[in-house]
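Chemist: Here you go, target14.cif (mmCIF, N, CA and C atoms):
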data_upload
loop_
_atom_site.label_atom_id
_atom_site.label_comp_id
_atom_site.auth_asym_id
_atom_site.auth_seq_id
_atom_site.Cartn_x
_atom_site.Cartn_y
_atom_site.Cartn_z
N MET A 256 18.51 2.84 10.75
CA MET A 256 17.12 2.74 11.08
C MET A 256 16.44 1.83 10.06
N GLN A 257 15.70 0.89 10.55
CA GLN A 257 14.99 -0.07 9.68
C GLN A 257 13.77 0.60 9.06
N ARG A 258 13.60 0.42 7.76
CA ARG A 258 12.43 0.96 7.06
C ARG A 258 11.60 -0.21 6.55
N TYR A 259 10.29 0.02 6.49
CA TYR A 259 9.37 -1.03 6.09
C TYR A 259 8.47 -0.56 4.96
N GLU A 260 8.00 -1.51 4.18
CA GLU A 260 6.91 -1.26 3.27
C GLU A 260 5.71 -2.02 3.82
N PHE A 261 4.52 -1.48 3.60
CA PHE A 261 3.31 -2.06 4.16
C PHE A 261 2.38 -2.52 3.06
N ARG A 262 1.58 -3.50 3.37
CA ARG A 262 0.55 -3.98 2.45
C ARG A 262 -0.71 -4.21 3.27
N VAL A 263 -1.81 -3.70 2.79
CA VAL A 263 -3.09 -3.83 3.47
C VAL A 263 -4.04 -4.58 2.53
N ILE A 264 -4.63 -5.66 3.04
CA ILE A 264 -5.54 -6.47 2.23
C ILE A 264 -6.84 -6.66 3.00
N PRO A 265 -7.95 -6.90 2.29
CA PRO A 265 -9.20 -7.16 3.00
C PRO A 265 -9.14 -8.50 3.73
N ALA A 266 -9.72 -8.52 4.91
CA ALA A 266 -9.79 -9.78 5.66
C ALA A 266 -10.82 -10.69 5.00
N PRO A 267 -10.63 -12.00 5.11
CA PRO A 267 -11.61 -12.91 4.53
C PRO A 267 -12.98 -12.71 5.18
N ARG A 268 -14.03 -12.82 4.37
CA ARG A 268 -15.39 -12.63 4.88
C ARG A 268 -16.09 -13.96 5.14
N ARG A 269 -15.60 -15.02 4.53
CA ARG A 269 -16.20 -16.34 4.70
C ARG A 269 -15.13 -17.35 5.06
N GLY A 270 -15.58 -18.40 5.70
CA GLY A 270 -14.68 -19.49 6.04
C GLY A 270 -14.35 -20.34 4.84
N GLN A 271 -13.36 -21.18 5.00
CA GLN A 271 -12.92 -22.08 3.94
C GLN A 271 -13.36 -23.50 4.31
N LYS A 272 -14.03 -24.18 3.38
CA LYS A 272 -14.53 -25.52 3.68
C LYS A 272 -13.39 -26.51 3.74
N SER A 273 -13.51 -27.42 4.69
CA SER A 273 -12.53 -28.47 4.86
C SER A 273 -13.18 -29.59 5.66
N ARG A 274 -12.67 -30.81 5.50
CA ARG A 274 -13.21 -31.93 6.27
C ARG A 274 -12.97 -31.75 7.76
N GLU A 275 -11.81 -31.22 8.10
CA GLU A 275 -11.46 -31.05 9.51
C GLU A 275 -12.20 -29.88 10.15
N ALA A 276 -12.50 -28.85 9.36
CA ALA A 276 -13.14 -27.64 9.88
C ALA A 276 -14.65 -27.79 9.73
N ARG A 277 -15.33 -28.07 10.84
CA ARG A 277 -16.76 -28.31 10.79
C ARG A 277 -17.58 -27.12 11.28
N THR A 278 -17.06 -26.34 12.19
CA THR A 278 -17.81 -25.20 12.71
C THR A 278 -17.45 -23.93 11.94
N THR A 279 -18.29 -22.91 12.11
CA THR A 279 -18.04 -21.63 11.45
C THR A 279 -16.71 -21.05 11.91
N GLU A 280 -16.41 -21.13 13.20
CA GLU A 280 -15.16 -20.58 13.74
C GLU A 280 -13.95 -21.30 13.14
N ASP A 281 -14.03 -22.64 13.04
CA ASP A 281 -12.93 -23.40 12.46
C ASP A 281 -12.71 -23.06 10.99
N ARG A 282 -13.78 -22.89 10.25
CA ARG A 282 -13.67 -22.55 8.83
C ARG A 282 -13.09 -21.16 8.63
N PHE A 283 -13.53 -20.22 9.46
CA PHE A 283 -12.99 -18.88 9.36
C PHE A 283 -11.51 -18.86 9.74
N ALA A 284 -11.15 -19.58 10.80
CA ALA A 284 -9.74 -19.65 11.21
C ALA A 284 -8.89 -20.27 10.12
N LEU A 285 -9.43 -21.28 9.43
CA LEU A 285 -8.70 -21.90 8.33
C LEU A 285 -8.47 -20.91 7.18
N ALA A 286 -9.48 -20.12 6.84
CA ALA A 286 -9.34 -19.11 5.77
C ALA A 286 -8.31 -18.07 6.15
N LEU A 287 -8.34 -17.62 7.40
CA LEU A 287 -7.38 -16.62 7.87
C LEU A 287 -5.97 -17.20 7.91
N THR A 288 -5.84 -18.44 8.32
CA THR A 288 -4.53 -19.10 8.34
C THR A 288 -3.95 -19.19 6.94
N GLU A 289 -4.79 -19.52 5.97
CA GLU A 289 -4.33 -19.62 4.58
C GLU A 289 -3.81 -18.29 4.07
N VAL A 290 -4.54 -17.20 4.35
CA VAL A 290 -4.10 -15.86 3.92
C VAL A 290 -2.77 -15.50 4.56
N MET A 291 -2.65 -15.75 5.86
CA MET A 291 -1.41 -15.40 6.56
C MET A 291 -0.23 -16.23 6.08
N ASN A 292 -0.44 -17.50 5.78
CA ASN A 292 0.65 -18.34 5.27
C ASN A 292 1.10 -17.91 3.88
N VAL A 293 0.17 -17.53 3.03
CA VAL A 293 0.53 -17.05 1.69
C VAL A 293 1.35 -15.76 1.80
N MET A 294 0.91 -14.83 2.62
CA MET A 294 1.65 -13.57 2.80
C MET A 294 3.02 -13.83 3.44
N GLY A 295 3.08 -14.75 4.41
CA GLY A 295 4.34 -15.07 5.08
C GLY A 295 5.36 -15.66 4.12
N ARG A 296 4.90 -16.47 3.16
CA ARG A 296 5.82 -17.04 2.17
C ARG A 296 6.47 -15.96 1.31
N ASP A 297 5.77 -14.84 1.14
CA ASP A 297 6.32 -13.74 0.34
C ASP A 297 7.13 -12.77 1.19
N GLY A 298 7.36 -13.09 2.46
CA GLY A 298 8.20 -12.26 3.31
C GLY A 298 7.45 -11.20 4.11
N TRP A 299 6.13 -11.23 4.11
CA TRP A 299 5.33 -10.23 4.83
C TRP A 299 5.07 -10.71 6.26
N ASP A 300 5.26 -9.81 7.23
CA ASP A 300 4.95 -10.08 8.64
C ASP A 300 3.61 -9.46 8.98
N TYR A 301 2.77 -10.22 9.69
CA TYR A 301 1.47 -9.71 10.11
C TYR A 301 1.68 -8.65 11.19
N VAL A 302 0.99 -7.51 11.07
CA VAL A 302 1.10 -6.44 12.05
C VAL A 302 -0.17 -6.36 12.88
N ARG A 303 -1.33 -6.20 12.22
CA ARG A 303 -2.58 -6.05 12.97
C ARG A 303 -3.77 -6.14 12.02
N ALA A 304 -4.96 -6.21 12.62
CA ALA A 304 -6.21 -6.13 11.87
C ALA A 304 -6.90 -4.84 12.27
N ASP A 305 -7.46 -4.14 11.30
CA ASP A 305 -8.15 -2.87 11.56
C ASP A 305 -9.55 -2.94 10.97
N THR A 306 -10.47 -2.22 11.60
CA THR A 306 -11.80 -2.02 11.05
C THR A 306 -11.95 -0.52 10.84
N LEU A 307 -12.13 -0.12 9.58
CA LEU A 307 -12.17 1.30 9.24
C LEU A 307 -13.46 1.65 8.52
N PRO A 308 -13.98 2.86 8.72
CA PRO A 308 -15.21 3.27 8.03
C PRO A 308 -14.93 3.60 6.57
N CYS A 309 -15.93 3.34 5.74
CA CYS A 309 -15.82 3.62 4.31
C CYS A 309 -17.16 4.16 3.85
N ASP A 310 -17.17 5.38 3.30
CA ASP A 310 -18.41 5.97 2.80
C ASP A 310 -18.69 5.44 1.41
N GLU A 311 -19.91 4.96 1.20
CA GLU A 311 -20.32 4.41 -0.09
C GLU A 311 -21.52 5.19 -0.60
N ARG A 312 -21.68 5.21 -1.89
CA ARG A 312 -22.84 5.86 -2.48
C ARG A 312 -24.07 4.99 -2.25
N SER A 313 -25.18 5.66 -1.96
CA SER A 313 -26.44 4.97 -1.76
C SER A 313 -27.50 5.74 -2.53
N GLY A 314 -27.99 5.17 -3.62
CA GLY A 314 -28.94 5.88 -4.45
C GLY A 314 -28.26 6.94 -5.29
N LEU A 315 -29.00 7.97 -5.63
CA LEU A 315 -28.44 9.02 -6.49
C LEU A 315 -27.61 10.03 -5.72
N THR A 316 -28.06 10.43 -4.55
CA THR A 316 -27.37 11.51 -3.85
C THR A 316 -26.93 11.13 -2.44
N GLY A 317 -27.37 10.00 -1.95
CA GLY A 317 -27.07 9.66 -0.56
C GLY A 317 -25.78 8.89 -0.40
N THR A 318 -25.34 8.81 0.83
CA THR A 318 -24.17 8.01 1.18
C THR A 318 -24.50 7.20 2.42
N LYS A 319 -23.83 6.09 2.57
CA LYS A 319 -23.96 5.31 3.79
C LYS A 319 -22.56 4.89 4.20
N THR A 320 -22.38 4.66 5.47
CA THR A 320 -21.08 4.26 5.98
C THR A 320 -21.09 2.77 6.25
N SER A 321 -20.12 2.09 5.68
CA SER A 321 -19.93 0.67 5.98
C SER A 321 -18.54 0.54 6.62
N TYR A 322 -18.28 -0.59 7.21
CA TYR A 322 -17.00 -0.81 7.88
C TYR A 322 -16.27 -1.96 7.21
N GLN A 323 -15.01 -1.74 6.90
CA GLN A 323 -14.18 -2.72 6.21
C GLN A 323 -13.15 -3.30 7.17
N ASN A 324 -13.01 -4.61 7.18
CA ASN A 324 -12.00 -5.29 7.99
C ASN A 324 -10.77 -5.51 7.14
N LEU A 325 -9.64 -5.02 7.62
CA LEU A 325 -8.39 -5.06 6.85
C LEU A 325 -7.29 -5.74 7.66
N LEU A 326 -6.40 -6.41 6.96
CA LEU A 326 -5.21 -7.01 7.57
C LEU A 326 -3.99 -6.22 7.11
N VAL A 327 -3.13 -5.85 8.04
CA VAL A 327 -1.95 -5.04 7.75
C VAL A 327 -0.71 -5.93 7.88
N PHE A 328 0.13 -5.91 6.85
CA PHE A 328 1.38 -6.66 6.83
C PHE A 328 2.52 -5.70 6.53
N ARG A 329 3.74 -6.07 6.95
CA ARG A 329 4.92 -5.26 6.61
C ARG A 329 6.10 -6.18 6.36
N ARG A 330 7.08 -5.62 5.63
CA ARG A 330 8.36 -6.31 5.44
C ARG A 330 9.44 -5.25 5.27
N PRO A 331 10.68 -5.60 5.64
CA PRO A 331 11.77 -4.62 5.52
C PRO A 331 12.00 -4.25 4.06
N LEU A 332 12.33 -2.98 3.84
CA LEU A 332 12.67 -2.50 2.50
C LEU A 332 14.07 -2.93 2.14
N SER A 333 14.29 -3.17 0.85
CA SER A 333 15.64 -3.43 0.38
C SER A 333 16.41 -2.10 0.36
N GLU A 334 17.71 -2.15 0.16
CA GLU A 334 18.53 -0.93 0.16
C GLU A 334 18.11 0.04 -0.94
N VAL A 335 17.83 -0.47 -2.14
CA VAL A 335 17.43 0.40 -3.25
C VAL A 335 16.08 1.05 -2.95
N ALA A 336 15.13 0.26 -2.46
CA ALA A 336 13.81 0.80 -2.14
C ALA A 336 13.90 1.81 -1.00
N ALA A 337 14.77 1.57 -0.03
CA ALA A 337 14.94 2.52 1.07
C ALA A 337 15.52 3.84 0.57
N THR A 338 16.46 3.79 -0.38
CA THR A 338 17.03 5.01 -0.95
C THR A 338 15.97 5.80 -1.70
N VAL A 339 15.17 5.13 -2.51
CA VAL A 339 14.10 5.80 -3.23
C VAL A 339 13.09 6.40 -2.26
N ALA A 340 12.76 5.67 -1.20
CA ALA A 340 11.81 6.19 -0.21
C ALA A 340 12.35 7.42 0.49
N SER A 341 13.64 7.45 0.81
CA SER A 341 14.20 8.63 1.47
C SER A 341 14.25 9.82 0.52
N LEU A 342 14.52 9.58 -0.77
CA LEU A 342 14.49 10.67 -1.74
C LEU A 342 13.07 11.20 -1.90
N ARG A 343 12.09 10.31 -1.95
CA ARG A 343 10.70 10.72 -2.10
C ARG A 343 10.26 11.55 -0.89
N ALA A 344 10.70 11.17 0.29
CA ALA A 344 10.34 11.92 1.49
C ALA A 344 10.98 13.30 1.48
N ALA A 345 12.17 13.42 0.91
CA ALA A 345 12.87 14.70 0.87
C ALA A 345 12.18 15.67 -0.08
N ASP A 346 11.98 15.27 -1.33
CA ASP A 346 11.36 16.13 -2.32
C ASP A 346 10.89 15.27 -3.48
N PRO A 347 9.59 14.99 -3.59
CA PRO A 347 9.10 14.07 -4.61
C PRO A 347 9.35 14.52 -6.04
N ASP A 348 9.54 15.82 -6.29
CA ASP A 348 9.75 16.30 -7.65
C ASP A 348 11.16 16.05 -8.16
N THR A 349 12.07 15.64 -7.29
CA THR A 349 13.46 15.49 -7.72
C THR A 349 13.95 14.05 -7.74
N ILE A 350 13.05 13.08 -7.61
CA ILE A 350 13.49 11.68 -7.58
C ILE A 350 14.14 11.28 -8.89
N ALA A 351 13.42 11.44 -9.99
CA ALA A 351 13.94 10.99 -11.29
C ALA A 351 15.25 11.67 -11.64
N PRO A 352 15.37 13.00 -11.54
CA PRO A 352 16.66 13.62 -11.88
C PRO A 352 17.81 13.13 -11.01
N ARG A 353 17.56 12.90 -9.71
CA ARG A 353 18.63 12.43 -8.85
C ARG A 353 19.05 11.01 -9.21
N LEU A 354 18.07 10.17 -9.52
CA LEU A 354 18.41 8.80 -9.89
C LEU A 354 19.13 8.74 -11.23
N LEU A 355 18.82 9.67 -12.12
CA LEU A 355 19.46 9.70 -13.43
C LEU A 355 20.75 10.50 -13.42
N GLY A 356 21.05 11.19 -12.33
CA GLY A 356 22.29 11.96 -12.23
C GLY A 356 22.22 13.32 -12.90
N ALA A 357 21.03 13.80 -13.22
CA ALA A 357 20.87 15.10 -13.87
C ALA A 357 20.85 16.20 -12.82
N ALA A 358 21.11 17.40 -13.28
CA ALA A 358 21.04 18.56 -12.39
C ALA A 358 19.58 18.81 -12.03
N VAL A 359 19.36 19.25 -10.81
CA VAL A 359 18.00 19.48 -10.34
C VAL A 359 17.72 20.97 -10.38
N SER A 360 16.61 21.34 -11.05
CA SER A 360 16.21 22.74 -11.07
C SER A 360 15.00 22.91 -10.18
N PRO A 361 14.75 24.10 -9.66
CA PRO A 361 13.59 24.31 -8.81
C PRO A 361 12.31 23.93 -9.54
N ALA A 362 11.35 23.42 -8.79
CA ALA A 362 10.08 22.99 -9.39
C ALA A 362 9.39 24.17 -10.04
N GLY A 363 8.95 24.00 -11.27
CA GLY A 363 8.22 25.03 -11.98
C GLY A 363 9.09 26.08 -12.65
N ALA A 364 10.39 26.01 -12.46
CA ALA A 364 11.27 27.00 -13.07
C ALA A 364 11.49 26.68 -14.54
N ALA A 365 11.35 27.67 -15.37
CA ALA A 365 11.56 27.49 -16.80
C ALA A 365 13.06 27.49 -17.08
N PRO A 366 13.50 26.71 -18.06
CA PRO A 366 14.93 26.72 -18.38
C PRO A 366 15.35 28.09 -18.91
N ALA A 367 16.56 28.47 -18.57
CA ALA A 367 17.07 29.78 -19.01
C ALA A 367 17.42 29.70 -20.48
N LEU A 368 16.77 30.52 -21.29
CA LEU A 368 17.02 30.58 -22.72
C LEU A 368 17.60 31.93 -23.06
N GLY A 369 18.41 31.97 -24.08
CA GLY A 369 18.96 33.23 -24.55
C GLY A 369 17.88 34.04 -25.25
N PRO A 370 18.18 35.29 -25.57
CA PRO A 370 17.17 36.11 -26.26
C PRO A 370 16.83 35.51 -27.62
N ALA A 371 15.57 35.61 -27.98
CA ALA A 371 15.13 35.08 -29.26
C ALA A 371 15.67 35.97 -30.39
N LYS A 372 15.89 35.38 -31.53
CA LYS A 372 16.41 36.12 -32.68
C LYS A 372 15.36 37.13 -33.13
N GLY A 373 15.73 38.36 -33.27
CA GLY A 373 14.81 39.40 -33.68
C GLY A 373 14.06 40.02 -32.52
N ASP A 374 14.43 39.67 -31.27
CA ASP A 374 13.75 40.24 -30.10
C ASP A 374 14.25 41.66 -29.90
N LEU A 375 13.35 42.62 -29.89
CA LEU A 375 13.73 44.03 -29.77
C LEU A 375 14.31 44.36 -28.40
N ALA A 376 13.83 43.70 -27.36
CA ALA A 376 14.29 43.99 -26.01
C ALA A 376 15.74 43.59 -25.83
N ALA A 377 16.21 42.62 -26.59
CA ALA A 377 17.56 42.14 -26.46
C ALA A 377 18.56 42.99 -27.20
N GLU A 378 18.10 43.80 -28.12
CA GLU A 378 19.02 44.59 -28.93
C GLU A 378 19.43 45.87 -28.28
#
Represent the structure from my file as structure tokens, please.

Modeler:
Amino acid sequence: MQRYEFRVIPAPRRGQKSREARTTEDRFALALTEVMNVMGRDGWDYVRADTLPCDERSGLTGTKTSYQNLLVFRRPLSEVAATVASLRAADPDTIAPRLLGAAVSPAGAAPALGPAKGDLAAE
């Protein structure tokens, strides 16, 4: 099964000036093309654009909702990253011990110690 990692970036808000791009639509398309080409060079595939609500503070106690335009990209995970992702999905508290080859103890369990010297209950 193919696994992916995702990257979400804000969409450009303004167009990019150019001699060839004279209209607002052309300038915006040029800015978006530049972002997609840069991400593509790094191995990211464009998936979709989303507009999502974001609550922001307004004044001392108020909030207002604004909407953010985001671009979603993905690329296949490498074998090492896929292994770490599967371990994280299984149990996030045991990633480091498994990668280091140490024995895994239940989360929150205290190590078993022998009776303390001079402990009356142990005598």

Chemist: Determine the nearest neighbour of Ala304 (chain A) from the options A:Val327, A:Leu332, A:Val339, A:Ala276, counting only C-alpha atoms.

Modeler: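 Closest candidate: A:Val327.
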
Chemist: Using only C-alpha atoms, which protein or nucleic acid residues come within 12 Å of Met294 (chain A)? Drop anything in the same chain fewer than 6 positions from it, and give the result as a ChimeraX atom specification.

Modeler: /A:261-264,287-288,300-302,326-330

Chemist: Keeping only N, CA and C atoms, write those residues as a compact mmCIF listing (two decimals), in the frame of the given file.

Modeler:
# COMPACT_ATOMS: atom_id res chain seq x y z
N PHE A 261 4.52 -1.48 3.60
CA PHE A 261 3.31 -2.06 4.16
C PHE A 261 2.38 -2.52 3.06
N ARG A 262 1.58 -3.50 3.37
CA ARG A 262 0.55 -3.98 2.45
C ARG A 262 -0.71 -4.21 3.27
N VAL A 263 -1.81 -3.70 2.79
CA VAL A 263 -3.09 -3.83 3.47
C VAL A 263 -4.04 -4.58 2.53
N ILE A 264 -4.63 -5.66 3.04
CA ILE A 264 -5.54 -6.47 2.23
C ILE A 264 -6.84 -6.66 3.00
N LEU A 287 -8.34 -17.62 7.40
CA LEU A 287 -7.38 -16.62 7.87
C LEU A 287 -5.97 -17.20 7.91
N THR A 288 -5.84 -18.44 8.32
CA THR A 288 -4.53 -19.10 8.34
C THR A 288 -3.95 -19.19 6.94
N ASP A 300 5.26 -9.81 7.23
CA ASP A 300 4.95 -10.08 8.64
C ASP A 300 3.61 -9.46 8.98
N TYR A 301 2.77 -10.22 9.69
CA TYR A 301 1.47 -9.71 10.11
C TYR A 301 1.68 -8.65 11.19
N VAL A 302 0.99 -7.51 11.07
CA VAL A 302 1.10 -6.44 12.05
C VAL A 302 -0.17 -6.36 12.88
N LEU A 326 -6.40 -6.41 6.96
CA LEU A 326 -5.21 -7.01 7.57
C LEU A 326 -3.99 -6.22 7.11
N VAL A 327 -3.13 -5.85 8.04
CA VAL A 327 -1.95 -5.04 7.75
C VAL A 327 -0.71 -5.93 7.88
N PHE A 328 0.13 -5.91 6.85
CA PHE A 328 1.38 -6.66 6.83
C PHE A 328 2.52 -5.70 6.53
N ARG A 329 3.74 -6.07 6.95
CA ARG A 329 4.92 -5.26 6.61
C ARG A 329 6.10 -6.18 6.36
N ARG A 330 7.08 -5.62 5.63
CA ARG A 330 8.36 -6.31 5.44
C ARG A 330 9.44 -5.25 5.27

Chemist: Expressed in Å to a single decimal, how great is the separation between atom C of Thr278 (chain A) and CA of Pro308 (chain A)?

Modeler: 27.6 Å

Chemist: CA of Val290 (chain A) to CA of Pro267 (chain A): how many Å, to one decimal?

Modeler: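 Answer for the CA of Val290 (chain A) to CA of Pro267 (chain A) separation: 8.1 Å.
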
Chemist: Calculated over all atoms listed in the file, which of the candidates A:Gln323, A:Ala344, A:Glu334, A:Asp281 has the smallest distance to Pro265 (chain A)?

Modeler: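 Among A:Gln323, A:Ala344, A:Glu334, A:Asp281, it is A:Gln323 that comes nearest to Pro265 (chain A).
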
Chemist: Measuring atom to atom with only C-alpha atoms, identify which of A:Glu260, A:Glu280, A:Glu275, A:Asp305 is nearest to Asn324 (chain A).

Modeler: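 The shortest atom-to-atom distance to Asn324 (chain A) comes from A:Asp305.
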
Chemist: Could you check how far CA of Gly270 (chain A) sits from atom N of Ala284 (chain A), in Å to one decimal?

Modeler: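 Taking CA of Gly270 (chain A) and atom N of Ala284 (chain A), their separation equals 5.9 Å.
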
Chemist: Quick one: 8 Å padding each side, axis-aligned, all listed atoms of region 297-303 of chain A - centre and edge lengths in Å to one decimal, as lines of an AutoDock Vina configuration file?

Modeler:
center_x = 2.2
center_y = -10.4
center_z = 6.7
size_x = 28.0
size_y = 24.8
size_z = 28.6

Chemist: Just checking: using all atoms listed in the file, which residue out of A:Ala266, A:Val293, A:Cys309, A:Leu342 ends up closest to Leu325 (chain A)?

Modeler: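 Residue with the minimum atom-to-atom distance to Leu325 (chain A): A:Ala266.
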